[in-house]
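Peer 1: For reference, the file entry.csv (CSV, C-alpha atoms and all ligand atoms) is included below:
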chain,number,residue,atom,x,y,z
X,1,MET,CA,-17.4,-11.3,-25.6
X,2,SER,CA,-16.6,-7.6,-25.3
X,3,ARG,CA,-14.0,-7.0,-22.6
X,4,ARG,CA,-14.7,-4.3,-19.9
X,5,ASN,CA,-12.2,-1.5,-19.2
X,6,LEU,CA,-10.2,-2.3,-16.1
X,7,HIS,CA,-9.8,1.3,-14.9
X,8,PRO,CA,-13.4,2.3,-14.1
X,9,LEU,CA,-13.8,-1.0,-12.2
X,10,ALA,CA,-10.6,-0.3,-10.2
X,11,LEU,CA,-11.9,3.2,-9.5
X,12,ALA,CA,-15.1,1.7,-8.1
X,13,VAL,CA,-13.0,-0.4,-5.7
X,14,LEU,CA,-11.0,2.6,-4.7
X,15,LEU,CA,-14.1,4.7,-3.9
X,16,GLU,CA,-16.0,1.9,-2.1
X,17,ARG,CA,-16.4,2.9,1.6
X,18,ASP,CA,-17.7,-0.4,3.0
X,19,VAL,CA,-14.7,-2.5,4.1
X,20,ALA,CA,-16.2,-5.9,3.4
X,21,ARG,CA,-17.6,-4.8,0.0
X,22,LYS,CA,-14.2,-3.3,-0.9
X,23,CYS,CA,-12.5,-6.6,-0.2
X,24,HIS,CA,-15.1,-8.5,-2.2
X,25,LEU,CA,-14.7,-6.1,-5.1
X,26,VAL,CA,-10.9,-6.5,-5.1
X,27,ALA,CA,-11.3,-10.3,-5.2
X,28,GLU,CA,-13.7,-10.0,-8.1
X,29,LEU,CA,-11.4,-7.5,-9.9
X,30,ARG,CA,-8.5,-10.0,-9.6
X,31,ARG,CA,-10.7,-12.9,-10.9
X,32,ALA,CA,-11.9,-11.0,-13.9
X,33,TRP,CA,-8.5,-9.6,-14.8
X,34,HIS,CA,-6.9,-13.1,-14.7
X,35,ALA,CA,-9.8,-14.6,-16.6
X,36,GLY,CA,-9.1,-12.2,-19.4
X,37,GLU,CA,-12.5,-10.4,-19.0
X,38,LEU,CA,-10.9,-7.0,-18.7
X,39,VAL,CA,-8.7,-4.8,-20.8
X,40,SER,CA,-6.6,-1.7,-19.9
X,41,GLU,CA,-7.9,1.0,-22.2
X,42,SER,CA,-5.9,4.1,-21.5
X,43,ALA,CA,-8.0,7.0,-20.3
X,44,LYS,CA,-7.2,10.1,-18.4
X,45,ALA,CA,-7.2,9.0,-14.8
X,46,PRO,CA,-9.3,10.9,-12.3
X,47,ASP,CA,-7.3,12.5,-9.5
X,48,ILE,CA,-8.8,10.9,-6.4
X,49,THR,CA,-7.5,12.6,-3.3
X,50,THR,CA,-9.8,10.8,-0.7
X,51,PRO,CA,-10.2,7.1,-1.2
X,52,GLY,CA,-13.3,5.3,0.0
X,53,ARG,CA,-13.1,4.4,3.6
X,54,PRO,CA,-15.5,4.1,6.5
X,55,ALA,CA,-16.4,6.9,8.9
X,56,LEU,CA,-14.2,5.2,11.5
X,57,PRO,CA,-11.4,4.9,12.5
X,58,GLU,CA,-10.9,8.6,13.3
X,59,LEU,CA,-7.8,9.8,11.6
X,60,VAL,CA,-5.5,11.8,13.9
X,61,ASN,CA,-1.9,13.2,13.9
X,62,PRO,CA,0.5,10.3,14.6
X,63,ARG,CA,1.7,12.2,17.7
X,64,GLN,CA,-1.8,11.9,19.2
X,65,LEU,CA,-1.8,8.2,19.0
X,66,PRO,CA,-1.3,6.5,22.4
X,67,ARG,CA,1.7,4.2,22.8
X,68,ARG,CA,0.8,0.6,22.2
X,69,ARG,CA,1.9,-1.8,24.9
X,70,LEU,CA,1.0,-5.4,24.3
X,71,GLY,CA,0.8,-6.2,28.1
X,72,SER,CA,-2.9,-5.2,28.2
X,73,GLU,CA,-5.8,-6.5,26.2
X,74,ALA,CA,-6.4,-3.0,24.9
X,75,GLY,CA,-2.8,-2.7,23.9
X,76,ARG,CA,-2.9,-6.0,22.0
X,77,LEU,CA,-6.1,-5.0,20.2
X,78,SER,CA,-4.7,-1.6,19.4
X,79,MET,CA,-1.6,-3.1,17.8
X,80,ILE,CA,-3.7,-5.5,15.7
X,81,HIS,CA,-5.9,-2.6,14.7
X,82,ALA,CA,-2.9,-0.5,13.7
X,83,ILE,CA,-1.7,-3.3,11.4
X,84,ALA,CA,-5.2,-3.8,10.0
X,85,HIS,CA,-5.3,-0.1,9.2
X,86,ILE,CA,-2.0,-0.4,7.3
X,87,GLU,CA,-3.4,-3.2,5.3
X,88,PHE,CA,-6.6,-1.3,4.6
X,89,ASN,CA,-4.6,1.6,3.3
X,90,ALA,CA,-2.5,-0.8,1.3
X,91,ILE,CA,-5.6,-1.9,-0.6
X,92,ASN,CA,-6.3,1.7,-1.6
X,93,LEU,CA,-2.7,2.3,-2.5
X,94,ALA,CA,-2.5,-0.8,-4.8
X,95,VAL,CA,-5.9,0.0,-6.5
X,96,ASP,CA,-4.9,3.6,-6.8
X,97,ALA,CA,-1.8,2.5,-8.8
X,98,VAL,CA,-4.1,0.7,-11.2
X,99,THR,CA,-6.5,3.7,-11.6
X,100,ARG,CA,-4.1,6.6,-11.6
X,101,TYR,CA,-1.5,5.4,-14.1
X,102,PRO,CA,-3.0,4.5,-17.5
X,103,GLY,CA,-0.9,3.2,-20.3
X,104,MET,CA,1.4,1.0,-18.3
X,105,PRO,CA,2.4,-2.5,-19.4
X,106,SER,CA,-0.3,-5.1,-18.5
X,107,GLY,CA,2.2,-6.8,-16.1
X,108,PHE,CA,2.2,-3.6,-14.0
X,109,TYR,CA,-1.6,-3.9,-13.6
X,110,THR,CA,-1.4,-7.7,-12.9
X,111,ASP,CA,1.1,-7.0,-10.1
X,112,TRP,CA,-0.9,-4.3,-8.5
X,113,ILE,CA,-4.2,-6.1,-8.8
X,114,ASP,CA,-2.6,-9.1,-7.2
X,115,VAL,CA,-1.1,-6.9,-4.4
X,116,ALA,CA,-4.5,-5.4,-3.8
X,117,ALA,CA,-6.0,-8.9,-3.4
X,118,ASP,CA,-3.3,-9.8,-1.0
X,119,GLU,CA,-3.8,-6.7,1.1
X,120,ALA,CA,-7.6,-7.3,1.2
X,121,ARG,CA,-6.9,-10.9,2.5
X,122,HIS,CA,-4.4,-9.5,5.1
X,123,PHE,CA,-7.0,-7.0,6.2
X,124,GLU,CA,-9.7,-9.6,6.5
X,125,LEU,CA,-7.5,-11.9,8.5
X,126,LEU,CA,-6.7,-9.1,11.0
X,127,ARG,CA,-10.3,-8.0,11.1
X,128,ALA,CA,-11.1,-11.6,12.1
X,129,ARG,CA,-8.5,-11.4,14.9
X,130,LEU,CA,-10.2,-8.3,16.2
X,131,ALA,CA,-13.7,-9.9,15.9
X,132,GLU,CA,-12.6,-12.8,18.0
X,133,ALA,CA,-12.0,-10.4,20.8
X,134,GLY,CA,-15.3,-8.5,20.2
X,135,ALA,CA,-13.5,-5.5,18.5
X,136,VAL,CA,-14.0,-4.0,15.1
X,137,TYR,CA,-12.0,-2.0,12.6
X,138,GLY,CA,-12.7,1.6,13.6
X,139,ASP,CA,-12.5,1.1,17.4
X,140,PHE,CA,-9.2,2.8,17.7
X,141,PRO,CA,-7.9,6.1,16.2
X,142,ALA,CA,-5.4,5.8,13.4
X,143,HIS,CA,-3.1,8.1,11.2
X,144,ASP,CA,-3.1,8.7,7.5
X,145,GLY,CA,0.6,8.5,6.8
X,146,LEU,CA,0.4,5.9,4.1
X,147,TRP,CA,-2.3,7.6,2.1
X,148,ASP,CA,-0.4,10.9,2.6
X,149,MET,CA,2.5,9.4,0.8
X,150,ALA,CA,0.2,8.3,-2.0
X,151,LEU,CA,-0.9,11.9,-2.4
X,152,ARG,CA,2.6,13.2,-2.4
X,153,THR,CA,3.6,10.8,-5.1
X,154,ARG,CA,0.5,10.8,-7.2
X,155,HIS,CA,1.9,12.9,-10.0
X,156,ASP,CA,4.5,10.3,-11.0
X,157,PRO,CA,4.5,6.4,-11.0
X,158,LEU,CA,8.3,6.4,-10.5
X,159,ALA,CA,8.0,8.4,-7.3
X,160,ARG,CA,5.2,6.2,-6.2
X,161,MET,CA,7.1,3.0,-6.8
X,162,ALA,CA,10.2,4.5,-5.2
X,163,LEU,CA,8.6,5.6,-2.0
X,164,VAL,CA,5.6,3.4,-1.3
X,165,PRO,CA,6.6,-0.3,-2.0
X,166,ARG,CA,10.3,0.2,-2.1
X,167,VAL,CA,10.6,2.2,1.1
X,168,MET,CA,7.4,2.0,3.2
X,169,GLU,CA,6.5,-1.7,2.4
X,170,ALA,CA,10.1,-2.7,2.6
X,171,ARG,CA,10.3,-1.1,6.1
X,172,GLY,CA,7.3,-3.3,7.0
X,173,LEU,CA,9.5,-6.4,6.2
X,174,ASP,CA,12.1,-5.1,8.6
X,175,VAL,CA,9.8,-4.4,11.6
X,176,THR,CA,7.4,-7.4,11.3
X,177,PRO,CA,9.6,-10.0,12.8
X,178,GLY,CA,10.0,-7.9,15.9
X,179,ILE,CA,6.3,-7.4,16.2
X,180,MET,CA,5.8,-11.2,15.8
X,181,ARG,CA,8.2,-11.8,18.7
X,182,LYS,CA,6.1,-9.4,20.9
X,183,PHE,CA,2.9,-11.2,20.1
X,184,SER,CA,4.6,-14.5,20.6
X,185,GLY,CA,5.8,-13.2,24.0
X,186,ILE,CA,2.2,-12.7,25.2
X,187,GLY,CA,1.1,-16.1,23.8
X,188,ASP,CA,-1.0,-14.7,20.9
X,189,HIS,CA,0.2,-17.4,18.4
X,190,ALA,CA,-2.9,-16.9,16.2
X,191,THR,CA,-1.8,-13.4,15.4
X,192,VAL,CA,1.8,-14.5,14.9
X,193,ALA,CA,0.5,-17.0,12.3
X,194,VAL,CA,-1.3,-14.2,10.5
X,195,LEU,CA,1.8,-12.0,10.6
X,196,GLU,CA,3.9,-14.8,9.3
X,197,LEU,CA,1.7,-15.1,6.2
X,198,ILE,CA,1.6,-11.4,5.7
X,199,LEU,CA,5.4,-11.2,5.9
X,200,ARG,CA,5.8,-13.9,3.3
X,201,GLU,CA,3.5,-12.3,0.9
X,202,GLU,CA,4.7,-8.7,1.4
X,203,VAL,CA,8.1,-9.7,-0.2
X,204,ALA,CA,6.3,-10.0,-3.5
X,205,HIS,CA,4.9,-6.5,-3.0
X,206,VAL,CA,8.3,-5.0,-2.7
X,207,GLU,CA,9.4,-6.9,-5.8
X,208,ALA,CA,6.3,-5.5,-7.6
X,209,GLY,CA,7.6,-2.1,-6.6
X,210,ARG,CA,11.1,-2.9,-7.9
X,211,VAL,CA,9.6,-4.0,-11.3
X,212,GLY,CA,7.3,-1.0,-11.5
X,213,PHE,CA,10.2,1.3,-10.7
X,214,ALA,CA,12.4,-0.3,-13.3
X,215,ILE,CA,9.6,0.2,-15.9
X,216,TYR,CA,10.0,4.0,-15.5
X,217,ALA,CA,13.5,4.5,-14.2
X,218,GLY,CA,16.2,5.3,-16.7
X,219,SER,CA,19.0,6.1,-14.3
X,220,VAL,CA,18.7,5.8,-10.6
X,221,VAL,CA,21.2,6.7,-7.9
X,222,TRP,CA,20.3,6.1,-4.3
X,223,ASN,CA,21.6,8.3,-1.6
X,224,ARG,CA,22.9,5.7,0.8
X,225,LYS,CA,23.2,8.1,3.7
X,226,ARG,CA,19.5,9.0,3.5
X,227,PRO,CA,17.9,6.0,1.9
X,228,ILE,CA,14.4,7.6,1.7
X,229,SER,CA,15.6,10.3,-0.7
X,230,VAL,CA,16.0,9.4,-4.3
X,231,CYS,CA,17.0,11.4,-7.4
X,232,TYR,CA,16.4,10.1,-10.9
X,233,VAL,CA,16.3,10.9,-14.5
X,234,ASN,CA,12.9,10.0,-15.9
X,235,THR,CA,13.8,8.8,-19.4
X,236,CYS,CA,10.3,7.6,-20.3
X,237,ALA,CA,8.4,10.9,-19.8
X,238,ALA,CA,11.1,13.4,-20.7
X,239,LYS,CA,14.7,12.5,-21.3
X,240,SER,CA,15.9,15.8,-19.9
X,241,ALA,CA,13.6,15.9,-16.9
X,242,VAL,CA,15.6,15.6,-13.7
X,243,ARG,CA,13.6,15.6,-10.5
X,244,CYS,CA,14.2,15.0,-6.8
X,245,ILE,CA,11.4,13.5,-4.7
X,246,MET,CA,11.9,13.8,-1.0
X,247,PRO,CA,9.7,13.2,2.0
X,248,ARG,CA,8.7,16.3,3.9
X,249,GLY,CA,11.5,17.3,6.2
X,250,ALA,CA,14.2,15.4,4.4
X,251,ARG,CA,17.3,17.4,3.3
X,252,PRO,CA,18.5,17.3,-0.3
X,253,GLY,CA,20.6,14.2,-0.9
X,254,LEU,CA,24.1,13.9,-2.4
X,255,ALA,CA,23.2,11.6,-5.3
X,256,LYS,CA,25.1,12.1,-8.4
X,257,MET,CA,23.0,12.2,-11.6
X,258,SER,CA,24.2,10.2,-14.5
V,1,FE,FE,-0.3,-6.6,3.4
V,2,FE,FE,1.8,-4.9,0.8
Output the file's structure in the form of structure tokens.

Peer 2:
Amino acid sequence: MSRRNLHPLALAVLLERDVARKCHLVAELRRAWHAGELVSESAKAPDITTPGRPALPELVNPRQLPRRRLGSEAGRLSMIHAIAHIEFNAINLAVDAVTRYPGMPSGFYTDWIDVAADEARHFELLRARLAEAGAVYGDFPAHDGLWDMALRTRHDPLARMALVPRVMEARGLDVTPGIMRKFSGIGDHATVAVLELILREEVAHVEAGRVGFAIYAGSVVWNRKRPISVCYVNTCAAKSAVRCIMPRGARPGLAKMS
């Protein structure tokens, strides 16, 4: 049996606009990869700047989003919708890591295919919570911060691993217990159960980021005062290349290069 190339299939998942079909394709990608039906044949990766997503939700500046208060039904649904939107973006981010960085060890692809499958399940669980109240994904506006970070780190897997799983997903681990307490406070125990599962599984995503980071990082020094800035020496791509990757607005860190 000739094995199919993983990367074009992952690209098809990334570009799929229909949310249910995207989730189905992710599950099939994971099945085929673990069944040994796919192989990573290095190819020049396409530079996808807009992933497949439905026409709605409308993407707006974060400052334009209304404050979410769980006291009302609209607030409860808005919060579930916001988390569903994060999970939907997380599918695209995980699949983007598979398509964008050819030539990585197969374990890197296993990790990010598994992460994509987890994110798709998380998204579907939250979509089901919305459906139980007669709402759908797209009913509320959302912002594009996660994908924006994907674009800003697309040139380098080290930057991607540093800033997406190791910072943004790790922050999710920190804030989720507080969100669970709020849902518990209004008696929405079904959503708490979904968030509990998500929290448990997201730990592995941060770990996948740590491993992906270690694959590339030769020497890493974190700036403890400003933990979202990182300086590193990329020993894989070019031993002498020293770069600093910082989110917009962050000031240069104090990290000492070794
Ligand atoms: Fe998730
Ligand atoms: Fe995740």

Peer 1: Please list as a list in words every residue within 8 Å of Asp96 (chain X), counting all atoms listed in the file and excluding residues in the same chain fewer than 4 positions away.

Peer 2: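 These residues fall inside the cut-off: Ala10, Leu11, Leu14, Asn92 and Arg100 of chain X.
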
Peer 1: What would the list of residues within 12 Å of (1.0, -14.5, 12.8) (file frame) look like as a PyMOL selection string, if all atoms listed in the file are what count?

Peer 2: chain X and resi 80+83+122+125-126+129+176-184+187-200

Peer 1: Show me a table, sorted first by chain and then by increasing residue number, of the residues of chain X having an atom at most 7 Å from ligand FE 2 (chain V), each with its shortest atom pair and the distance in Å to one decimal, counting all atoms listed in the file and written as a tab-separated table.

Peer 2:
residue	atom	partner	partner_atom	distance
X:Ala90	CA	V:FE2	FE	6.0
X:Val115	CA	V:FE2	FE	6.3
X:Glu119	CA	V:FE2	FE	5.9
X:Glu169	CA	V:FE2	FE	5.9
X:Glu202	CA	V:FE2	FE	4.8
X:His205	CA	V:FE2	FE	5.2

Peer 1: Those selected residues, please, written with C-alpha atoms and delivered as an mmCIF file, keeping the file's coordinate frame.

Peer 2:
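Here's the written file part_30.cif:
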data_model
loop_
_atom_site.group_PDB
_atom_site.id
_atom_site.type_symbol
_atom_site.label_atom_id
_atom_site.label_comp_id
_atom_site.auth_asym_id
_atom_site.auth_seq_id
_atom_site.Cartn_x
_atom_site.Cartn_y
_atom_site.Cartn_z
ATOM 1 C CA ALA X 90 -2.500 -0.800 1.300
ATOM 2 C CA VAL X 115 -1.100 -6.900 -4.400
ATOM 3 C CA GLU X 119 -3.800 -6.700 1.100
ATOM 4 C CA GLU X 169 6.500 -1.700 2.400
ATOM 5 C CA GLU X 202 4.700 -8.700 1.400
ATOM 6 C CA HIS X 205 4.900 -6.500 -3.000
#

Peer 1: Around all of region 1-17 of chain X's listed atoms, make the axis-aligned box with 8 Å on each side and tell me centre and edge lengths in Å to one decimal, as JSON.

Peer 2:
{"center_x": -13.6, "center_y": -3.3, "center_z": -12.0, "size_x": 23.6, "size_y": 32.0, "size_z": 43.2}

Peer 1: Choose the residue, out of X:Thr153, X:Ser78, X:Asn61, X:Asn89, that has the smallest atom-to-atom separation from ligand FE 1 (chain V); count all atoms listed in the file.

Peer 2: X:Asn89

Peer 1: Rank X:Gly103, X:Met149, X:Phe140, X:Leu6 by their smallest atom-to-atom distance to Arg31 (chain X), using all atoms listed in the file, and report the top residue only.

Peer 2: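 Distance minimum relative to Arg31 (chain X) lands on X:Leu6.
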
Peer 1: Measuring between only C-alpha atoms and all ligand atoms, which one of X:Trp33, X:Phe108, X:Tyr101, X:Phe88 shows the shortest distance to ligand FE 1 (chain V)?

Peer 2: X:Phe88

Peer 1: Check the smallest atom-to-atom distance from each of X:Met1, X:Ala162, X:Ile86, X:Ala35 to ligand FE 1 (chain V) using only C-alpha atoms and all ligand atoms, then report the winner.

Peer 2: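 Going through X:Met1, X:Ala162, X:Ile86, X:Ala35 one by one, the smallest distance to ligand FE 1 (chain V) is for X:Ile86.
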
Peer 1: At a cut-off of 7 Å from (-2.5, -3.7, -7.2) in the coordinates of the file, what residues are picked up using only C-alpha atoms, written as a VMD selection string?

Peer 2: chain X and resid 94 to 95 97 to 98 109 111 to 116

Peer 1: Would you mind telling me which residue in X:Met161, X:Val167, X:Ile186, X:Ala12 lies nearest to Leu70 (chain X) when using only C-alpha atoms?

Peer 2: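 The closest residue to Leu70 (chain X) is X:Ile186.
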
Peer 1: By how many Å are CA of Glu87 (chain X) and CA of Gln64 (chain X) apart?

Peer 2: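 Between these atoms lies a distance of 20.6 Å.
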
Peer 1: For a quick check of understanding, using only C-alpha atoms and all ligand atoms, which of X:Arg121, X:His155, X:Arg67, X:Arg171 has the smallest distance to ligand FE 1 (chain V)?

Peer 2: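 When distances to ligand FE 1 (chain V) are compared using only C-alpha atoms and all ligand atoms, the smallest one comes from X:Arg121.
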
Peer 1: List as a ChimeraX atom specification the protein and nucleic acid residues near Pro8 (chain X), meaning an atom at most 12 Å away when all atoms listed in the file are counted, but skip any in the same chain fewer than 6 places from it.

Peer 2: /X:14-15,29,38-46,95-96,98-100,102

Peer 1: Report, in Å with one decimal, the straight-line distance from CA of Pro54 (chain X) to CA of Glu73 (chain X).

Peer 2: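 A separation of 24.4 Å between them.
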
Peer 1: Residues at most 12 Å from Gly138 (chain X), counting only C-alpha atoms, excluding those fewer than 2 positions away in the same chain, as a list in words?

Peer 2: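 Residues near the query, excluding close chain neighbours: Asp18, Val19, Arg53, Pro54, Ala55, Leu56, Pro57, Glu58, Leu59, Leu77, Ser78, Ile80, His81, Ala82, Ala84, His85, Phe88, Arg127, Leu130, Ala131, Ala135, Val136, Phe140, Pro141, Ala142 and His143 of chain X.
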
Peer 1: Find the distance between CA of Leu151 (chain X) and CA of Val26 (chain X) and write it in Å to one decimal.

Peer 2: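 Here the two named atoms are 21.1 Å from each other.
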